[in-house]
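Shown next: input_12.txt, containing compact mmCIF, C-alpha atoms.
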```txt
# COMPACT_ATOMS: atom_id res chain seq x y z
CA TYR Q 1 103.65 96.25 125.39
CA PHE Q 2 102.22 99.60 126.53
CA LYS Q 3 105.57 100.80 127.92
CA CYS Q 4 107.66 99.95 124.84
CA SER Q 5 107.81 103.61 123.79
CA ILE Q 6 109.92 104.53 126.86
CA CYS Q 7 111.40 101.08 127.51
CA PHE Q 8 112.67 99.72 124.20
CA SER Q 9 113.85 96.45 125.74
CA THR Q 10 110.17 95.49 125.95
CA PHE Q 11 110.31 94.61 122.26
CA SER Q 12 113.11 92.11 122.91
CA HIS Q 13 111.25 90.60 125.86
CA PHE Q 14 108.07 90.30 123.78
CA GLN Q 15 109.99 88.67 120.91
CA LEU Q 16 111.56 86.09 123.22
CA LEU Q 17 108.20 85.34 124.84
CA THR Q 18 106.45 84.98 121.46
CA SER Q 19 109.21 82.75 120.07
CA PHE Q 20 109.11 80.47 123.11
CA SER Q 21 105.31 80.28 123.02
CA SER Q 22 105.37 79.45 119.29
CA TRP Q 23 107.94 76.69 119.85
CA VAL Q 24 105.91 75.18 122.69
CA TRP Q 25 102.68 75.13 120.67
CA ARG Q 26 104.45 73.63 117.67
CA ALA Q 27 105.95 70.90 119.82
CA LYS Q 28 102.57 70.16 121.39
CA SER Q 29 100.77 70.05 118.05
CA GLN Q 30 103.25 67.47 116.73
CA ARG Q 31 102.54 65.18 119.66
CA VAL Q 32 98.77 65.21 119.60
CA TRP Q 33 97.28 61.78 118.98
CA ALA Q 34 93.83 63.00 117.99
CA PRO Q 35 93.40 64.53 114.51
CA LEU Q 36 93.65 68.30 114.43
CA PRO Q 37 90.54 70.28 113.49
CA MET Q 38 90.22 71.12 109.81
CA ILE Q 39 90.20 74.89 110.24
CA GLY Q 40 92.31 75.65 107.20
CA SER Q 41 93.51 79.25 107.04
CA HIS Q 42 90.72 80.75 109.17
CA VAL Q 43 93.00 81.48 112.13
CA ALA Q 44 95.62 83.13 109.92
CA GLU Q 45 92.97 85.19 108.14
CA PHE Q 46 91.42 86.29 111.44
CA ASN Q 47 94.85 87.25 112.75
CA ARG Q 48 95.65 89.24 109.59
CA THR Q 49 92.32 91.04 109.26
CA THR Q 50 91.39 91.60 112.92
CA VAL Q 51 94.08 90.92 115.52
CA ILE Q 52 97.03 92.69 113.88
CA PRO Q 53 95.08 95.88 112.98
CA PHE Q 54 93.67 96.00 116.52
CA LEU Q 55 97.15 95.66 118.07
CA LEU Q 56 98.54 98.39 115.80
CA VAL Q 57 95.77 100.75 116.91
CA VAL Q 58 96.42 99.98 120.58
CA LEU Q 59 100.16 100.50 120.13
CA ALA Q 60 99.72 103.85 118.35
CA VAL Q 61 97.23 105.16 120.91
CA MET Q 62 99.15 103.99 123.97
CA ASN Q 63 102.42 105.48 122.69
CA ALA Q 64 100.89 108.98 122.89
CA TYR Q 65 99.50 108.40 126.39
CA THR Q 66 102.76 106.86 127.60
CA TRP Q 67 104.89 109.77 126.44
CA SER Q 68 102.41 112.37 127.74
CA GLY Q 69 102.54 111.09 131.34
CA PHE Q 70 106.31 111.14 131.71
CA PRO Q 71 107.85 111.53 134.37
CA TYR Q 72 104.79 110.10 136.20
CA ASP Q 73 105.24 112.02 139.47
CA ASN Q 74 102.04 114.14 139.22
CA ILE Q 75 103.98 117.26 140.30
CA CYS Q 76 104.04 120.43 138.23
CA GLU Q 77 105.81 123.76 138.68
CA GLY Q 78 103.40 126.33 140.08
CA SER Q 79 103.09 130.00 139.24
CA GLY Q 80 103.15 131.33 142.80
CA ASN Q 81 105.94 131.88 145.30
CA VAL Q 82 107.17 129.53 147.98
CA PRO Q 83 105.00 129.81 151.13
CA ASP Q 84 106.70 131.57 154.04
CA GLU Q 85 106.53 128.50 156.30
CA TYR Q 86 108.86 126.60 153.93
CA ILE Q 87 111.53 129.32 153.63
CA GLY Q 88 114.76 128.54 155.44
CA ASN Q 89 116.50 125.30 156.36
CA VAL Q 90 114.26 122.23 156.40
CA ASP Q 91 115.39 119.01 158.07
CA LEU Q 92 114.48 115.80 156.23
CA GLU Q 93 114.70 113.22 159.00
CA ALA Q 94 113.77 110.31 156.74
CA LEU Q 95 116.75 111.07 154.49
CA ASN Q 96 118.98 112.25 157.34
CA THR Q 97 119.75 115.52 155.58
CA SER Q 98 118.57 119.11 155.34
CA VAL Q 99 117.78 121.49 152.47
CA SER Q 100 117.71 125.23 152.18
CA VAL Q 101 114.64 126.89 150.60
CA ALA Q 102 114.79 130.48 149.35
CA GLN Q 103 111.89 132.77 148.52
CA ASP Q 104 112.78 132.90 144.81
CA ASP Q 105 112.92 129.10 144.44
CA ALA Q 106 110.38 127.40 142.19
CA ALA Q 107 107.23 126.20 143.89
CA TYR Q 108 105.59 122.91 142.88
CA GLU Q 109 102.01 121.73 143.21
CA PRO Q 110 100.09 118.49 142.57
CA CYS Q 111 98.78 117.95 139.03
CA ASN Q 112 97.20 115.15 137.06
CA GLN Q 113 99.52 113.87 134.33
CA ASP Q 114 97.22 111.02 133.31
CA PHE Q 115 95.61 111.90 129.96
CA LEU Q 116 94.23 108.38 129.62
CA GLY Q 117 92.45 108.49 132.98
CA ARG Q 118 90.78 111.76 131.99
CA TYR Q 119 89.62 110.31 128.63
CA ILE Q 120 91.45 112.91 126.56
CA PHE Q 121 91.78 111.88 122.91
CA PRO Q 122 93.91 112.52 121.06
CA ALA Q 123 96.52 113.09 123.76
CA LEU Q 124 97.57 116.51 122.51
CA PRO Q 125 99.40 118.76 125.01
CA GLN Q 126 97.33 121.86 124.14
CA PHE Q 127 94.11 120.18 125.34
CA GLU Q 128 95.13 120.31 129.02
CA ASN Q 129 97.57 121.92 131.40
CA ASP Q 130 100.92 120.57 130.21
CA SER Q 131 103.25 122.59 132.41
CA TRP Q 132 105.27 119.46 133.29
CA MET Q 133 106.30 118.90 129.66
CA LEU Q 134 109.39 120.27 127.98
CA GLN Q 135 109.17 121.39 124.36
CA GLY Q 136 110.78 118.18 123.10
CA GLN Q 137 108.26 116.09 124.99
CA LYS Q 138 105.38 118.18 123.60
CA ASP Q 139 106.63 117.61 120.06
CA ILE Q 140 106.91 113.84 120.39
CA VAL Q 141 103.54 113.57 122.18
CA SER Q 142 101.87 115.58 119.40
CA LEU Q 143 103.56 113.36 116.79
CA HIS Q 144 102.30 110.17 118.46
CA ALA Q 145 98.83 111.64 119.01
CA TRP Q 146 98.30 112.58 115.36
CA THR Q 147 99.85 109.26 114.30
CA SER Q 148 97.27 107.42 116.40
CA VAL Q 149 94.46 109.37 114.68
CA VAL Q 150 95.84 108.45 111.24
CA VAL Q 151 96.28 104.79 112.19
CA ILE Q 152 92.72 104.59 113.53
CA GLY Q 153 91.37 106.18 110.35
CA ILE Q 154 93.30 103.79 108.08
CA THR Q 155 92.26 100.81 110.20
CA LEU Q 156 88.59 101.77 110.05
CA LEU Q 157 88.74 102.23 106.28
CA TYR Q 158 90.47 98.88 105.85
CA THR Q 159 88.10 97.08 108.23
CA PHE Q 160 84.86 98.37 106.71
CA PHE Q 161 85.84 98.50 103.03
CA LYS Q 162 88.63 95.97 102.38
CA SER Q 163 88.58 93.20 104.98
CA GLU Q 164 86.19 90.28 105.39
CA VAL Q 165 84.49 92.16 108.23
CA SER Q 166 82.86 94.49 105.69
CA THR Q 167 81.44 91.52 103.80
CA TYR Q 168 80.18 89.99 107.02
CA ILE Q 169 78.45 93.21 108.11
CA ALA Q 170 77.03 93.87 104.64
CA SER Q 171 75.48 90.40 104.55
CA TYR Q 172 72.97 91.54 107.21
CA PHE Q 173 71.69 94.39 105.01
CA VAL Q 174 72.23 93.47 101.35
CA PRO Q 175 72.35 90.09 99.59
CA THR Q 176 75.91 89.00 98.88
CA TYR Q 177 75.21 85.81 96.94
CA GLU Q 178 76.02 86.03 93.24
CA PRO Q 179 74.92 83.08 91.10
CA SER Q 180 77.42 81.82 88.58
CA GLY Q 181 76.81 80.03 85.30
CA GLU Q 182 74.03 80.20 82.77
CA ILE Q 183 70.91 78.15 82.03
CA TYR Q 184 71.23 76.30 78.73
CA GLY Q 185 68.00 74.34 78.88
CA THR Q 186 69.73 70.99 79.56
CA ASP Q 187 68.31 68.83 82.33
CA PHE Q 188 70.55 67.36 84.99
CA SER Q 189 70.09 63.82 83.70
CA ASP Q 190 70.92 64.86 80.13
CA VAL Q 191 74.29 66.44 80.86
CA PRO Q 192 76.77 64.63 78.59
CA GLY Q 193 79.96 63.02 79.79
CA ASP Q 194 81.14 59.81 81.41
CA ILE Q 195 81.85 61.61 84.70
CA PHE Q 196 79.53 64.26 86.11
CA PRO Q 197 79.99 64.72 89.90
CA ALA Q 198 76.83 65.13 91.94
CA TYR Q 199 76.35 65.73 95.67
CA VAL Q 200 77.41 62.25 96.76
CA PRO Q 201 78.60 62.01 100.41
CA GLN Q 202 82.29 61.14 100.40
CA VAL Q 203 85.16 61.24 102.88
CA GLU Q 204 88.67 62.33 101.93
CA ALA Q 205 91.28 60.03 103.49
CA LYS Q 206 95.00 60.72 103.22
CA ARG Q 207 95.99 57.05 103.03
CA PHE Q 208 93.68 56.25 100.13
CA ALA Q 209 94.10 57.22 96.52
CA HIS Q 210 90.35 57.82 96.12
CA PRO Q 211 87.65 59.21 98.44
CA LEU Q 212 85.50 56.84 100.50
CA VAL Q 213 81.83 56.78 99.56
CA ALA Q 214 79.60 57.21 102.62
CA CYS Q 215 76.19 56.16 101.26
CA ASP Q 216 74.41 53.43 99.33
CA VAL Q 217 74.89 54.07 95.60
CA HIS Q 218 73.38 50.89 94.13
CA ASP Q 219 70.58 52.83 92.40
CA LEU Q 220 72.77 55.70 91.23
CA PRO Q 221 74.52 55.96 87.86
CA LYS Q 222 78.18 55.70 88.69
CA ARG Q 223 79.13 58.72 86.61
CA PHE Q 224 77.51 60.92 89.25
CA ILE Q 225 80.09 59.83 91.86
CA GLY Q 226 82.65 62.01 90.09
CA TRP Q 227 85.62 59.66 89.71
CA ARG Q 228 86.54 56.13 88.70
CA ASP Q 229 89.07 53.59 89.90
CA PRO Q 230 90.80 51.93 86.91
CA ARG Q 231 91.35 48.79 89.02
CA ASP Q 232 87.64 48.39 89.71
CA ASP Q 233 86.55 46.16 86.83
CA ASP Q 234 82.97 45.82 88.04
CA ALA Q 235 82.62 49.57 88.64
CA ASP Q 236 80.50 48.93 91.74
CA TYR Q 237 82.73 50.98 94.08
CA ALA Q 238 82.44 48.23 96.71
CA GLU Q 239 86.11 48.57 97.61
CA HIS Q 240 85.65 52.28 98.29
CA ASN Q 241 82.23 52.19 99.98
CA LEU Q 242 82.02 52.47 103.76
CA ILE Q 243 78.66 50.71 103.97
CA PHE Q 244 80.46 47.38 103.60
CA GLU Q 245 82.42 48.08 106.80
CA VAL Q 246 79.29 47.61 108.97
CA PRO Q 247 77.17 44.46 109.50
CA GLU Q 248 74.52 43.71 106.89
CA LYS Q 249 71.67 44.47 109.27
CA ALA Q 250 73.00 48.02 109.57
CA ARG Q 251 72.76 48.49 105.79
CA ASN Q 252 69.08 47.62 105.41
CA GLY Q 253 65.94 48.11 107.37
CA GLU Q 254 64.88 50.91 109.66
CA ASN Q 255 68.19 51.27 111.55
CA MET Q 256 70.46 51.87 108.59
CA ALA Q 257 73.85 53.35 109.44
CA PHE Q 258 74.16 55.11 106.08
CA SER Q 259 71.76 57.01 103.87
CA VAL Q 260 70.68 55.96 100.40
CA ILE Q 261 71.09 58.11 97.32
CA LYS Q 262 69.04 57.35 94.22
CA HIS Q 263 68.39 58.83 90.80
CA TRP Q 264 65.11 58.74 88.89
CA PRO Q 265 65.77 59.72 85.27
CA PRO Q 266 62.90 61.65 83.67
CA PRO Q 267 61.00 60.10 80.78
CA PRO Q 268 62.32 60.90 77.32
CA GLN Q 269 60.99 64.09 75.80
CA SER Q 270 58.86 64.19 72.70
CA GLU Q 271 60.10 65.88 69.54
CA GLU Q 272 57.88 68.91 70.17
CA GLU Q 273 59.30 69.39 73.71
CA GLN Q 274 62.83 69.05 72.42
CA GLU Q 275 62.17 71.74 69.79
CA LYS Q 276 60.84 74.10 72.53
CA VAL Q 277 64.01 73.59 74.57
CA VAL Q 278 66.18 74.33 71.56
CA VAL Q 279 64.21 77.51 70.78
```
Please, can you express the file's structure as structure tokens?
Amino acid sequence: YFKCSICFSTFSHFQLLTSFSSWVWRAKSQRVWAPLPMIGSHVAEFNRTTVIPFLLVVLAVMNAYTWSGFPYDNICEGSGNVPDEYIGNVDLEALNTSVSVAQDDAAYEPCNQDFLGRYIFPALPQFENDSWMLQGQKDIVSLHAWTSVVVIGITLLYTFFKSEVSTYIASYFVPTYEPSGEIYGTDFSDVPGDIFPAYVPQVEAKRFAHPLVACDVHDLPKRFIGWRDPRDDDADYAEHNLIFEVPEKARNGENMAFSVIKHWPPPPQSEEEQEKVVV
């Protein structure tokens, strides 16, 4: 990934690896017996708002450092002359050859071509001794360096002003809750309508046309459940209530398996109180 700027085949290798990994995970997810966690789109949102911007920043920054270190031999052309002890014919026994060194030949000396190791940012050639770079290399390193600065700036602006990260950070300093709706002076029990859903514990099941009620609703007006089954003539929701799936001793007494939800309607208001509400 870091070397893709000088080795373009890395992109192809990364694509093949990602495709194979995606196929393996898809095949594994289709063969899992246990139900998958209900995470919704959280992973996709986290990948879009955090992972991808972070990878783009790393790619932009590493491109500049990768191009600046080429050819990675840590040898630069010096400004002095060749020392006298090296002038003449020199035998290279390891290579089984010999070379001839003249006084006017270029002399080379060790140098550090690692901008990243020296914590130089951005990796601009003019910040350090860049005698090992040709003009074309200097131009492309400068282009990548300034590109990395722009990418980091755009990413920071997006992260702190447009993404969900800004909302998450702001929640520690300023309130983010905004109430919706208006108060009309109508009590909860007086809301008109045959169906008015309340906070009744229910379980959504894919194989059932209606949710499964997960509490005792004998003392609750059925309109607060939020839906009706046309086939339920008695309207007692017994067919859709999970409390009838456990023994009777688990429905009553101290060791009840399910909670009980009740509703106590307020007493009717007098004419004077009703006039105050209207006003």
_Report as a list in words all protein, DNA and RNA residues lying within 8 Å of Q:Val90, evaluated on all atoms listed in the file, omitting residues in the same chain fewer than 5 positions from it._
Ser98, Val99, Ser100 and Val101 of chain Q
Residues within 9 Å of Q:Cys215, only C-alpha atoms, excluding chain neighbours under 4 positions, as a short mmCIF file (atom, residue, chain, number, x, y, z; two decimals) with C-alpha atoms, in the coordinates of the input:
```cif
data_model
loop_
_atom_site.label_atom_id
_atom_site.label_comp_id
_atom_site.auth_asym_id
_atom_site.auth_seq_id
_atom_site.Cartn_x
_atom_site.Cartn_y
_atom_site.Cartn_z
CA VAL Q 200 77.41 62.25 96.76
CA PRO Q 201 78.60 62.01 100.41
CA GLN Q 202 82.29 61.14 100.40
CA ASN Q 241 82.23 52.19 99.98
CA LEU Q 242 82.02 52.47 103.76
CA ILE Q 243 78.66 50.71 103.97
CA ALA Q 257 73.85 53.35 109.44
CA PHE Q 258 74.16 55.11 106.08
CA SER Q 259 71.76 57.01 103.87
CA VAL Q 260 70.68 55.96 100.40
CA ILE Q 261 71.09 58.11 97.32
#
```
Item checked: One-decimal distance in Å that lies between atom CA of Q:Ile152 and atom CA of Q:Glu164 ->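 So the answer is 17.7 Å.
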_Could you tell me how far atom CA of Q:Ala106 sits from atom CA of Q:Asn89, in Å to one decimal place?_
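We find that atom CA of Q:Asn89 and atom CA of Q:Ala106 lie 15.6 Å from each other.
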>> Env of stretch 131-137 of chain Q: 7 Å cut, atoms = all atoms listed in the file, seq-sep filter 2 positions within chain, self excluded. Answer as a PyMOL selection string.
In response: chain Q and resi 76-77+129+139-141
Write a file of the selected residues as a PDB file, keeping the file's coordinate frame, keeping C-alpha atoms.
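Wrote out-v9.pdb, looks like this:
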```pdb
ATOM      1  CA  CYS Q  76     104.040 120.430 138.230  1.00  0.00           C
ATOM      2  CA  GLU Q  77     105.810 123.760 138.680  1.00  0.00           C
ATOM      3  CA  ASN Q 129      97.570 121.920 131.400  1.00  0.00           C
ATOM      4  CA  ASP Q 139     106.630 117.610 120.060  1.00  0.00           C
ATOM      5  CA  ILE Q 140     106.910 113.840 120.390  1.00  0.00           C
ATOM      6  CA  VAL Q 141     103.540 113.570 122.180  1.00  0.00           C
TER       7      VAL Q 141
END
```
What separates atom CA of Q:Ala145 and atom CA of Q:Phe121 is a distance of 8.1 Å
Review point. Using all atoms listed in the file, which residue out of Q:Asp114, Q:Glu93, Q:Glu248, Q:Glu45 lies closest to Q:Tyr72?
Key: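 Ranking Q:Asp114, Q:Glu93, Q:Glu248, Q:Glu45 by distance to Q:Tyr72, first place goes to Q:Asp114.
Each of Q:Gly185, Q:Gly78, Q:Pro122, Q:Pro221 was checked against Q:Met62 using all atoms listed in the file; the smallest atom-to-atom distance is that of Q:Pro122.
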